[in-house]
Structures are given as structure tokens and as C-alpha cells.
>>> print(open('input-v5.pdb').read())   # PDB, C-alpha atoms
ATOM      1  CA  MET A  24     118.118  89.271  98.261
ATOM      2  CA  LYS A  25     117.438  86.063 100.136
ATOM      3  CA  GLU A  26     113.691  85.911  99.496
ATOM      4  CA  LEU A  27     111.483  86.968  96.605
ATOM      5  CA  SER A  28     109.262  88.787  99.100
ATOM      6  CA  LEU A  29     112.155  91.228  99.658
ATOM      7  CA  ASN A  30     112.438  91.846  95.910
ATOM      8  CA  ILE A  31     108.685  92.487  95.816
ATOM      9  CA  LEU A  32     108.988  95.003  98.666
ATOM     10  CA  ASP A  33     111.824  96.736  96.834
ATOM     11  CA  ILE A  34     110.050  96.885  93.458
ATOM     12  CA  ALA A  35     106.784  98.093  95.012
ATOM     13  CA  GLU A  36     108.705 100.986  96.604
ATOM     14  CA  ASN A  37     109.285 102.254  93.043
ATOM     15  CA  SER A  38     105.504 102.455  92.614
ATOM     16  CA  VAL A  39     105.277 104.445  95.848
ATOM     17  CA  ARG A  40     107.851 106.887  94.513
ATOM     18  CA  ALA A  41     105.995 107.131  91.192
ATOM     19  CA  GLY A  42     103.194 108.805  93.097
ATOM     20  CA  ALA A  43     100.740 105.909  92.811
ATOM     21  CA  THR A  44      97.500 106.030  94.785
ATOM     22  CA  LEU A  45      96.768 102.359  94.146
ATOM     23  CA  ILE A  46      99.246  99.483  94.004
ATOM     24  CA  GLU A  47      98.118  95.972  93.147
ATOM     25  CA  ILE A  48     100.310  92.995  93.912
ATOM     26  CA  SER A  49      99.148  89.615  92.715
ATOM     27  CA  LEU A  50     100.855  86.258  93.048
ATOM     28  CA  THR A  51      99.570  83.278  91.112
ATOM     29  CA  GLU A  52     101.058  79.820  91.407
ATOM     30  CA  GLN A  53     100.113  77.065  89.035
ATOM     31  CA  ASP A  54     101.963  74.047  87.667
ATOM     32  CA  LYS A  55     105.252  75.087  89.264
ATOM     33  CA  VAL A  56     105.104  78.537  87.699
ATOM     34  CA  LEU A  57     104.837  81.584  89.966
ATOM     35  CA  THR A  58     103.685  84.787  88.292
ATOM     36  CA  ILE A  59     104.085  88.018  90.236
ATOM     37  CA  VAL A  60     102.387  91.141  88.910
ATOM     38  CA  ILE A  61     103.016  94.536  90.517
ATOM     39  CA  ARG A  62     100.770  97.177  88.964
ATOM     40  CA  ASP A  63     100.499 100.835  89.911
ATOM     41  CA  ASN A  64      98.679 103.937  88.734
ATOM     42  CA  GLY A  65     101.721 106.176  89.198
ATOM     43  CA  CYS A  66     103.270 108.656  86.773
ATOM     44  CA  GLY A  67     104.663 105.969  84.444
ATOM     45  CA  MET A  68     107.969 106.038  82.584
ATOM     46  CA  SER A  69     109.037 107.332  79.195
ATOM     47  CA  ARG A  70     110.241 104.888  76.557
ATOM     48  CA  GLU A  71     113.825 106.084  77.145
ATOM     49  CA  THR A  72     113.595 105.473  80.905
ATOM     50  CA  LEU A  73     111.975 102.093  80.322
ATOM     51  CA  GLU A  74     114.950 101.055  78.219
ATOM     52  CA  ARG A  75     117.374 102.119  80.934
ATOM     53  CA  VAL A  76     115.790 100.702  84.099
ATOM     54  CA  GLU A  77     117.350  97.275  83.639
ATOM     55  CA  ASN A  78     120.790  98.829  83.605
ATOM     56  CA  PRO A  79     122.358  98.718  87.087
ATOM     57  CA  PHE A  80     124.047 102.053  86.426
ATOM     58  CA  TYR A  81     120.709 103.784  86.025
ATOM     59  CA  THR A  82     118.863 104.995  89.112
ATOM     60  CA  THR A  83     116.477 107.704  90.239
ATOM     61  CA  ARG A  84     118.162 108.003  93.590
ATOM     62  CA  THR A  85     120.347 111.004  94.260
ATOM     63  CA  THR A  86     122.551 109.605  97.021
ATOM     64  CA  ARG A  87     124.425 107.230  94.720
ATOM     65  CA  SER A  88     124.530 106.391  91.038
ATOM     66  CA  VAL A  89     123.776 102.664  91.181
ATOM     67  CA  GLY A  90     120.266 101.182  91.094
ATOM     68  CA  LEU A  91     120.059  97.460  91.681
ATOM     69  CA  GLY A  92     116.350  96.911  92.380
ATOM     70  CA  ILE A  93     115.195  95.886  88.891
ATOM     71  CA  PRO A  94     118.482  94.135  87.909
ATOM     72  CA  LEU A  95     118.349  91.970  91.069
ATOM     73  CA  TYR A  96     114.701  91.104  90.422
ATOM     74  CA  LYS A  97     115.490  90.224  86.809
ATOM     75  CA  LEU A  98     118.400  88.057  87.929
ATOM     76  CA  ALA A  99     116.207  86.228  90.461
ATOM     77  CA  ALA A 100     113.651  85.429  87.741
ATOM     78  CA  GLU A 101     116.023  84.642  84.898
ATOM     79  CA  GLN A 102     118.123  82.234  86.956
ATOM     80  CA  THR A 103     115.000  80.051  87.192
ATOM     81  CA  GLY A 104     114.429  80.232  83.425
ATOM     82  CA  GLY A 105     111.780  82.911  83.938
ATOM     83  CA  SER A 106     111.594  86.580  83.028
ATOM     84  CA  VAL A 107     110.702  90.124  84.056
ATOM     85  CA  THR A 108     108.760  92.369  81.696
ATOM     86  CA  ILE A 109     107.858  95.978  82.332
ATOM     87  CA  SER A 110     105.200  98.008  80.586
ATOM     88  CA  SER A 111     104.405 101.597  81.330
ATOM     89  CA  ILE A 112     102.112 104.398  80.233
ATOM     90  CA  GLN A 113     103.076 107.944  81.141
ATOM     91  CA  GLU A 114     100.641 110.391  82.597
ATOM     92  CA  CYS A 115     101.160 112.760  79.672
ATOM     93  CA  GLU A 116     100.294 109.989  77.219
ATOM     94  CA  ASP A 117      97.073 108.928  78.911
ATOM     95  CA  ALA A 118      95.670 110.912  81.814
ATOM     96  CA  GLU A 119      93.323 108.080  82.830
ATOM     97  CA  GLN A 120      95.191 104.815  82.285
ATOM     98  CA  HIS A 121      98.747 105.749  83.255
ATOM     99  CA  GLY A 122     101.007 103.620  85.440
ATOM    100  CA  THR A 123     103.551 100.833  85.380
ATOM    101  CA  THR A 124     103.146  97.057  85.437
ATOM    102  CA  VAL A 125     106.033  94.760  86.318
ATOM    103  CA  THR A 126     105.361  91.103  85.535
ATOM    104  CA  ALA A 127     107.777  88.428  86.690
ATOM    105  CA  VAL A 128     107.687  84.702  86.004
ATOM    106  CA  PHE A 129     109.535  82.182  88.163
ATOM    107  CA  HIS A 130     109.920  78.440  87.612
ATOM    108  CA  THR A 131     109.597  77.306  91.203
ATOM    109  CA  ALA A 132     110.910  73.775  90.607
ATOM    110  CA  HIS A 133     114.239  75.193  89.402
ATOM    111  CA  ILE A 134     117.041  74.670  91.905
ATOM    112  CA  ASP A 135     118.002  78.349  91.698
ATOM    113  CA  CYS A 136     114.534  79.631  92.552
ATOM    114  CA  ALA A 137     114.723  81.655  95.782
ATOM    115  CA  PRO A 138     112.040  80.943  98.380
ATOM    116  CA  LEU A 139     109.083  83.327  98.346
ATOM    117  CA  GLY A 140     109.643  84.112 102.023
ATOM    118  CA  ASP A 141     107.566  86.266 104.313
ATOM    119  CA  MET A 142     104.912  87.974 102.181
ATOM    120  CA  VAL A 143     102.888  88.970 105.253
ATOM    121  CA  SER A 144     105.830  91.056 106.396
ATOM    122  CA  THR A 145     106.294  92.619 102.953
ATOM    123  CA  VAL A 146     102.625  93.644 102.658
ATOM    124  CA  CYS A 147     102.600  95.029 106.205
ATOM    125  CA  THR A 148     105.839  96.956 105.632
ATOM    126  CA  LEU A 149     104.404  98.540 102.467
ATOM    127  CA  ILE A 150     101.168  99.602 104.182
ATOM    128  CA  HIS A 151     103.077 100.903 107.211
ATOM    129  CA  GLY A 152     105.432 102.890 104.977
ATOM    130  CA  SER A 153     102.699 104.447 102.831
ATOM    131  CA  PRO A 154      99.483 104.502 104.833
ATOM    132  CA  ARG A 155      97.806 106.891 102.387
ATOM    133  CA  ILE A 156      98.263 104.595  99.390
ATOM    134  CA  ASP A 157      95.785 101.802  98.706
ATOM    135  CA  PHE A 158      97.105  98.284  98.281
ATOM    136  CA  VAL A 159      95.319  95.317  96.798
ATOM    137  CA  TYR A 160      97.087  92.062  97.522
ATOM    138  CA  THR A 161      96.128  88.630  96.247
ATOM    139  CA  HIS A 162      97.946  85.317  96.373
ATOM    140  CA  THR A 163      96.355  82.302  94.770
ATOM    141  CA  ALA A 164      97.782  78.809  94.610
ATOM    142  CA  PRO A 165      96.254  75.331  94.833
ATOM    143  CA  GLY A 166      94.577  75.245  98.259
ATOM    144  CA  LEU A 167      95.385  78.900  98.979
ATOM    145  CA  ALA A 168      93.448  82.117  98.367
ATOM    146  CA  VAL A 169      94.769  85.156 100.231
ATOM    147  CA  SER A 170      93.409  88.634  99.618
ATOM    148  CA  LEU A 171      93.573  92.040 101.237
ATOM    149  CA  ASP A 172      92.197  95.363  99.988
ATOM    150  CA  THR A 173      93.060  98.439 102.031
ATOM    151  CA  ARG A 174      90.125 100.309 100.440
ATOM    152  CA  GLU A 175      87.761  98.003 102.352
ATOM    153  CA  ILE A 176      89.704  98.558 105.579
ATOM    154  CA  ARG A 177      89.719 102.312 105.050
ATOM    155  CA  ALA A 178      85.954 102.286 104.488
ATOM    156  CA  VAL A 179      85.468 100.755 107.942
ATOM    157  CA  LEU A 180      88.046 102.947 109.697
ATOM    158  CA  GLY A 181      86.898 106.271 108.302
ATOM    159  CA  GLU A 182      89.218 109.250 107.923
ATOM    160  CA  GLU A 183      90.299 109.687 111.517
ATOM    161  CA  ILE A 184      92.138 106.397 112.056
ATOM    162  CA  PRO A 185      95.255 105.994 109.911
ATOM    163  CA  LEU A 186      96.118 102.572 108.487
ATOM    164  CA  ASP A 187      99.537 102.638 110.133
ATOM    165  CA  SER A 188      98.178 102.708 113.691
ATOM    166  CA  PHE A 189      99.614  99.821 115.639
ATOM    167  CA  GLU A 190      96.253  98.184 116.366
ATOM    168  CA  VAL A 191      95.184  98.349 112.706
ATOM    169  CA  MET A 192      98.529  97.021 111.484
ATOM    170  CA  GLN A 193      98.156  94.141 113.931
ATOM    171  CA  TRP A 194      94.705  93.350 112.556
ATOM    172  CA  ILE A 195      96.076  93.397 108.991
ATOM    173  CA  GLN A 196      98.991  91.150 109.946
ATOM    174  CA  GLU A 197      96.783  88.643 111.750
ATOM    175  CA  SER A 198      94.239  88.644 108.942
ATOM    176  CA  LEU A 199      96.951  87.770 106.415
ATOM    177  CA  LYS A 200      98.520  85.158 108.691
ATOM    178  CA  GLU A 201      95.149  83.511 109.165
ATOM    179  CA  GLN A 202      94.628  83.331 105.445
ATOM    180  CA  TYR A 203      98.069  81.758 105.090
ATOM    181  CA  HIS A 204      97.031  79.208 107.742
ATOM    182  CA  GLN A 205      99.842  80.435 110.006
ATOM    183  CA  ILE A 206      97.530  80.838 113.002
TER     184      ILE A 206
ATOM    185  CA  MET B   6      88.757  84.622 110.278
ATOM    186  CA  LYS B   7      89.510  88.257 111.124
ATOM    187  CA  SER B   8      86.299  90.162 110.596
ATOM    188  CA  LEU B   9      85.596  93.729 109.584
ATOM    189  CA  GLU B  10      83.431  93.952 112.722
ATOM    190  CA  GLU B  11      86.570  93.438 114.741
ATOM    191  CA  LEU B  12      88.150  96.274 112.797
ATOM    192  CA  ALA B  13      85.174  98.497 113.577
ATOM    193  CA  ALA B  14      85.667  97.737 117.257
ATOM    194  CA  ILE B  15      89.332  98.775 116.983
ATOM    195  CA  ARG B  16      88.191 101.998 115.310
ATOM    196  CA  ASP B  17      85.720 102.832 118.085
ATOM    197  CA  LYS B  18      88.275 102.098 120.767
ATOM    198  CA  MET B  19      90.921 104.200 119.046
ATOM    199  CA  LYS B  20      88.709 107.195 118.406
ATOM    200  CA  SER B  21      88.671 107.894 122.113
ATOM    201  CA  THR B  22      92.465 107.823 122.384
ATOM    202  CA  VAL B  23      93.427 109.505 119.113
ATOM    203  CA  LEU B  24      93.105 113.034 120.488
ATOM    204  CA  LEU B  25      95.337 112.258 123.429
ATOM    205  CA  ARG B  26      98.098 110.939 121.214
ATOM    206  CA  GLU B  27      98.439 113.858 118.846
ATOM    207  CA  GLY B  28     101.288 116.263 119.368
ATOM    208  CA  HIS B  29     103.327 114.111 121.692
ATOM    209  CA  ASN B  30     105.397 112.224 119.151
ATOM    210  CA  ASP B  31     108.599 114.217 119.363
ATOM    211  CA  ILE B  32     110.998 111.356 118.606
ATOM    212  CA  ARG B  33     111.220 110.003 115.058
ATOM    213  CA  ILE B  34     112.862 106.636 114.373
ATOM    214  CA  VAL B  35     113.645 106.438 110.661
ATOM    215  CA  VAL B  36     114.623 103.140 109.011
ATOM    216  CA  GLY B  37     116.353 103.146 105.592
ATOM    217  CA  MET B  38     114.313 100.906 103.293
ATOM    218  CA  ALA B  39     115.925 101.206  99.847
ATOM    219  CA  THR B  40     117.355  98.211  97.942
ATOM    220  CA  CYS B  41     120.554  98.362 100.025
ATOM    221  CA  GLY B  42     118.699  98.431 103.349
ATOM    222  CA  ILE B  43     116.210  95.719 102.402
ATOM    223  CA  ALA B  44     118.982  93.399 101.157
ATOM    224  CA  ALA B  45     120.946  93.950 104.380
ATOM    225  CA  GLY B  46     117.986  93.013 106.603
ATOM    226  CA  ALA B  47     116.114  96.277 107.261
ATOM    227  CA  ARG B  48     112.642  94.694 107.119
ATOM    228  CA  PRO B  49     112.923  92.695 110.383
ATOM    229  CA  VAL B  50     114.664  95.705 111.992
ATOM    230  CA  LEU B  51     111.730  97.948 111.072
ATOM    231  CA  ASN B  52     109.237  95.398 112.391
ATOM    232  CA  ALA B  53     111.205  95.069 115.634
ATOM    233  CA  PHE B  54     111.117  98.846 116.182
ATOM    234  CA  VAL B  55     107.345  98.965 115.562
ATOM    235  CA  GLU B  56     106.810  96.061 117.973
ATOM    236  CA  GLU B  57     109.128  97.348 120.687
ATOM    237  CA  VAL B  58     107.900 100.948 120.610
ATOM    238  CA  ASN B  59     104.435  99.609 121.355
ATOM    239  CA  SER B  60     105.295  96.793 123.744
ATOM    240  CA  GLN B  61     107.653  99.000 125.776
ATOM    241  CA  GLY B  62     104.955 101.648 126.042
ATOM    242  CA  VAL B  63     106.639 104.567 124.266
ATOM    243  CA  ALA B  64     104.183 104.870 121.355
ATOM    244  CA  ASP B  65     103.049 108.220 122.727
ATOM    245  CA  LYS B  66     106.479 109.779 122.298
ATOM    246  CA  ALA B  67     108.072 107.988 119.349
ATOM    247  CA  THR B  68     106.971 107.146 115.808
ATOM    248  CA  VAL B  69     108.636 104.710 113.438
ATOM    249  CA  THR B  70     108.860 105.705 109.773
ATOM    250  CA  GLN B  71     110.583 104.516 106.611
ATOM    251  CA  THR B  72     112.819 106.332 104.167
ATOM    252  CA  GLY B  73     114.836 105.564 101.039
ATOM    253  CA  CYS B  74     118.601 105.323 100.712
ATOM    254  CA  ILE B  75     120.405 107.321 103.385
ATOM    255  CA  GLY B  76     123.632 107.148 101.360
ATOM    256  CA  ILE B  77     125.873 105.013 103.556
ATOM    257  CA  CYS B  78     124.964 101.636 102.087
ATOM    258  CA  LYS B  79     127.891  99.699 103.558
ATOM    259  CA  TYR B  80     126.545 100.430 107.041
ATOM    260  CA  GLU B  81     123.016  99.120 106.332
ATOM    261  CA  PRO B  82     120.652  98.472 108.018
ATOM    262  CA  VAL B  83     120.836 102.132 109.082
ATOM    263  CA  VAL B  84     118.426 103.727 111.546
ATOM    264  CA  GLU B  85     118.315 107.437 112.387
ATOM    265  CA  VAL B  86     116.772 108.844 115.538
ATOM    266  CA  TYR B  87     115.560 112.454 115.411
ATOM    267  CA  GLU B  88     114.546 114.247 118.552
ATOM    268  CA  SER B  89     113.596 117.909 118.720
ATOM    269  CA  GLY B  90     116.362 120.016 120.206
ATOM    270  CA  LYS B  91     118.940 117.234 119.999
ATOM    271  CA  GLU B  92     121.486 116.123 117.448
ATOM    272  CA  LYS B  93     120.511 113.268 115.116
ATOM    273  CA  VAL B  94     121.778 109.827 116.185
ATOM    274  CA  THR B  95     122.728 107.346 113.437
ATOM    275  CA  TYR B  96     122.713 103.657 114.319
ATOM    276  CA  VAL B  97     124.413 101.262 111.899
ATOM    277  CA  HIS B  98     124.487  97.502 111.188
ATOM    278  CA  MET B  99     121.208  97.187 113.050
ATOM    279  CA  THR B 100     119.480  93.930 114.004
ATOM    280  CA  PRO B 101     116.109  93.229 115.696
ATOM    281  CA  GLU B 102     117.983  92.515 118.964
ATOM    282  CA  LYS B 103     119.814  95.839 118.797
ATOM    283  CA  ALA B 104     116.488  97.559 118.058
ATOM    284  CA  LYS B 105     115.072  96.228 121.296
ATOM    285  CA  ARG B 106     117.979  97.706 123.256
ATOM    286  CA  VAL B 107     117.812 101.064 121.450
ATOM    287  CA  VAL B 108     114.123 101.399 122.371
ATOM    288  CA  ALA B 109     114.761 100.443 125.993
ATOM    289  CA  GLU B 110     117.870 102.582 126.592
ATOM    290  CA  HIS B 111     117.617 105.466 124.134
ATOM    291  CA  ILE B 112     113.902 106.035 123.471
ATOM    292  CA  LYS B 113     112.696 105.050 126.913
ATOM    293  CA  GLY B 114     115.753 105.868 129.039
ATOM    294  CA  GLY B 115     117.192 108.812 127.116
ATOM    295  CA  ARG B 116     120.706 107.320 126.896
ATOM    296  CA  VAL B 117     122.167 106.859 123.397
ATOM    297  CA  VAL B 118     123.527 103.325 122.812
ATOM    298  CA  GLU B 119     126.956 104.595 121.762
ATOM    299  CA  GLU B 120     128.383 101.232 120.717
ATOM    300  CA  TYR B 121     125.793 100.877 117.906
ATOM    301  CA  THR B 122     126.292 104.373 116.483
ATOM    302  CA  ILE B 123     128.183 105.211 113.304
ATOM    303  CA  GLY B 124     130.884 106.879 115.421
ATOM    304  CA  SER B 125     131.787 103.506 116.943
ATOM    305  CA  ALA B 126     131.638 101.544 113.669
ATOM    306  CA  LYS B 127     134.875 100.356 112.124
TER     307      LYS B 127
END
>>> encode(input="input-v5.pdb", output="C-alpha cells")
Amino acid sequence: MKELSLNILDIAENSVRAGATLIEISLTEQDKVLTIVIRDNGCGMSRETLERVENPFYTTRTTRSVGLGIPLYKLAAEQTGGSVTISSIQECEDAEQHGTTVTAVFHTAHIDCAPLGDMVSTVCTLIHGSPRIDFVYTHTAPGLAVSLDTREIRAVLGEEIPLDSFEVMQWIQESLKEQYHQI
Amino acid sequence: MKSLEELAAIRDKMKSTVLLREGHNDIRIVVGMATCGIAAGARPVLNAFVEEVNSQGVADKATVTQTGCIGICKYEPVVEVYESGKEKVTYVHMTPEKAKRVVAEHIKGGRVVEEYTIGSAK
């Protein structure tokens, strides 16, 4: 993966597959430390699965027996002196509070820290791919405060207009770009 | 700053066209977006298809969707085109530039871009 934003896209896809209805992605940068939290309210994982997800030879996919999403993310973080930690509560353990949280820490001044890359594209790709799921995205750094909540957008659009309509996706993309001072 | 009022205007404009659009999307463009696809560059390919389908005016007959691993990771980015009554077409090693041509020739013109298909890949 050339950019961390691609890792984030990849990891968030796991939340989609876990049946989440809400996925929160938050990026916080302070004192050369970037913390990325991806939290979902999906089905969660058992303790056994949780122990195996960092193994590249474990995967949920059926087309092949190798799963590199989490190992690549872990590598990207650890090569900067950072870390990836995963916590999860299964639906059968707690019917209300279930879900998975993946927290990654990157030391951005480290020479091996990959660039964050195009987060606007990652957020738009996620919404386009799962227009029925709600996404809450925040990115805070000195001089930067980006936020997007699809629940607010959905409230304006009503039930008839899907989030993945071209015009809506364009609005979302431009809104994010504006907040990133790209326009 | 993009306002929610602007979004409401988009909603009102779209409500009048939504009924016309339904039922006409008989071509499905499916982009593989698993770890393998993403690492190989599927994200800009997906965005190019979304852009081109709209800018080339074929949004009424084609939709762009995402899927997981298609199973032929060494050919990523992989894009499949499904059309009712026709055989599936699998495009491999896709790029945003190739996407533009596939929309123009295949989706719009009805001619498969043979040189990008898996049958032509070495």
C-alpha cells in the first residue's frame, strides 16, 4: 500500500462485511503522532478470531486463503515505531455494545511513515460502496478540522435519494475537499 | 462552505428525475475492491468509472458497484461488466485511462475492448 488512506479503506471494508450500520473513522494528529481509530457496530469477533487476524494466513475470504489487510496495516504502523491494537465485543456477548475498534498509531516524523494520501477519495469510495451504512468521519490536526456525518446528509435527502447518487457523491466530495482547503 | 441547503436543492432536483431512471440500468460495472485490488490501484479506477459513466452520459444504462476479491489477484485491478443477455466481460490490469475507453467503446458503443480483457492478458 502506497498511502495510509488505502489501508484505511481496506480495514474499513472489514467493518462493512461485519454487518455494521455505523462506521466511525477518526484521525487525530498531534505532536507528530497520528492516531487512526476505525470503530464499527458490526458483529464483532470471538477471542479466537481476534488472536488470528494478525496472521497473514488467516482470512474470511473464500476465494483464497491469504488475508493481508490487517498484517499490512500493522506493518505500516510498526515500521514507524507505532502500533495497531484491536478490541472487539461480539454480538452474543453484548447485544447493545457490540462491534470492533481498530486503533493505529503512527509516528509521522519517522522516515518510514507512509504519506496519509487521499482521504477524500477513501471516504467517498466507502460511502459509494455501502450507501446504506452510516459513516462518521473526522480529521483533526493543528489548523485542520474536517468532519462529515452521513446521518445528517441522509436526514436532508430523505429516503428516496440514495447517498450513492452521482450528484450527492459530488456534494460530499466537494464538501470534504473544501474542508481540506483543496478548493 | 458546502451547505445543507445546497444538498436540499440537489434532493429536490433529483426527485423529479428519480422515477425516470429506475429500471433502465441494465449494465453493471463491478470493480474488485479487496486488499489485492486496492493495493494494485483499484480506487482511482473505480473513481474514473463513476466519473466517466456520468460525464459520457450513460448513467441511465450503467451502474458502477464494488465487490470483494474476485479471485484472480495477479490481474488486479479487475473490472467485470455484466449485461443482461450477454456473457460477462472481465477487464484486467485496469487504469483510469483504460476505464475512460471502456466506457466510451463498450458501455456507450457496445463494442468490447478486447485488448484489455483477460483473454488477451499474458
>>> resolve_selection(input="input-v5.pdb", expression="the PyMOL selection byres ((chain B and resi 37) around 7)", output="list of chain:residue names")
B:Val35, B:Val36, B:Met38, B:Ala39, B:Gly42, B:Gln71, B:Thr72, B:Gly73, B:Cys74, B:Ile75, B:Pro82, B:Val83, B:Val84
>>> residues_around(input="input-v5.pdb", residues="segment 102-118 of chain B", least_positions_apart="4", cutoff="12 Å", atoms="all atoms listed in the file", output="MDAnalysis selection string")
chainID B and resid 30:36 47:69 82:88 91:98 122:125
>>> closest_atom_pairs(input="input-v5.pdb", of="chain B", to="chain A", cutoff="7 Å", atoms="all atoms listed in the file", output="tab-separated table")
residue	atom	partner	partner_atom	distance
B:Met6	CA	A:Glu201	CA	6.6
B:Lys7	CA	A:Ser198	CA	5.2
B:Ala13	CA	A:Val179	CA	6.1
B:Ile15	CA	A:Glu190	CA	7.0
B:Arg16	CA	A:Leu180	CA	5.7
B:Ala39	CA	A:Asp33	CA	6.8
B:Thr40	CA	A:Gly92	CA	5.8
B:Ile43	CA	A:Leu29	CA	6.6
B:Ala44	CA	A:Met24	CA	5.1
B:Thr70	CA	A:Gly152	CA	6.5
B:Gln71	CA	A:Gly152	CA	5.6
B:Cys74	CA	A:Thr86	CA	6.9
B:Gly76	CA	A:Thr86	CA	5.1
>>> resolve_selection(input="input-v5.pdb", expression="the PyMOL selection byres ((chain A and resi 133) around 12)", output="list in words")
Lys55, Val56, Leu57, Ala99, Ala100, Glu101, Gln102, Thr103, Gly104, Gly105, Phe129, His130, Thr131, Ala132, Ile134, Asp135, Cys136, Ala137 and Pro138 of chain A
>>> atom_distance(input="input-v5.pdb", atom1="atom CA of Arg155 of chain A", atom2="atom CA of Glu182 of chain A")
10.5 Å
>>> atom_distance(input="input-v5.pdb", atom1="atom CA of His162 of chain A", atom2="atom CA of Pro101 of chain B")
27.7 Å
>>> atom_distance(input="input-v5.pdb", atom1="atom CA of Ile109 of chain A", atom2="atom CA of Thr124 of chain A")
5.7 Å
>>> residues_around(input="input-v5.pdb", residues="Cys115 of chain A", least_positions_apart="5", cutoff="12 Å", atoms="all atoms listed in the file", output="PyMOL selection string")
chain A and resi 65-69+120-122
>>> write_last_selection(input="input-v5.pdb", atoms="C-alpha atoms", output="tab-separated table (two decimals), keeping the file's coordinate frame")
chain	number	residue	atom	x	y	z
A	65	GLY	CA	101.72	106.18	89.20
A	66	CYS	CA	103.27	108.66	86.77
A	67	GLY	CA	104.66	105.97	84.44
A	68	MET	CA	107.97	106.04	82.58
A	69	SER	CA	109.04	107.33	79.19
A	120	GLN	CA	95.19	104.82	82.28
A	121	HIS	CA	98.75	105.75	83.26
A	122	GLY	CA	101.01	103.62	85.44
>>> resolve_selection(input="input-v5.pdb", expression="the PyMOL selection byres ((chain A and resi 43) around 9)", output="PyMOL selection string")
chain A and resi 38-42+44-46+63-66+122+156-157
>>> build_atoms(input="input-v5.pdb", residues="segment 99-110 of chain B", atoms="N, CA and C atoms", output="tab-separated table (two decimals), in the coordinates of the input")
chain	number	residue	atom	x	y	z
B	99	MET	N	122.23	97.50	112.06
B	99	MET	CA	121.21	97.19	113.05
B	99	MET	C	120.64	95.78	112.88
B	100	THR	N	120.15	95.23	113.98
B	100	THR	CA	119.48	93.93	114.00
B	100	THR	C	118.24	94.10	114.88
B	101	PRO	N	117.29	93.14	114.82
B	101	PRO	CA	116.11	93.23	115.70
B	101	PRO	C	116.50	93.25	117.18
B	102	GLU	N	117.54	92.53	117.57
B	102	GLU	CA	117.98	92.52	118.96
B	102	GLU	C	118.50	93.89	119.40
B	103	LYS	N	119.29	94.50	118.49
B	103	LYS	CA	119.81	95.84	118.80
B	103	LYS	C	118.66	96.84	118.89
B	104	ALA	N	117.64	96.65	118.06
B	104	ALA	CA	116.49	97.56	118.06
B	104	ALA	C	115.82	97.56	119.43
B	105	LYS	N	115.70	96.38	119.99
B	105	LYS	CA	115.07	96.23	121.30
B	105	LYS	C	115.83	97.05	122.35
B	106	ARG	N	117.16	96.98	122.28
B	106	ARG	CA	117.98	97.71	123.26
B	106	ARG	C	117.92	99.22	123.03
B	107	VAL	N	117.89	99.62	121.75
B	107	VAL	CA	117.81	101.06	121.45
B	107	VAL	C	116.50	101.65	121.99
B	108	VAL	N	115.41	100.91	121.85
B	108	VAL	CA	114.12	101.40	122.37
B	108	VAL	C	114.18	101.49	123.89
B	109	ALA	N	114.73	100.46	124.53
B	109	ALA	CA	114.76	100.44	125.99
B	109	ALA	C	115.67	101.54	126.55
B	110	GLU	N	116.89	101.66	126.00
B	110	GLU	CA	117.87	102.58	126.59
B	110	GLU	C	117.77	104.00	126.05
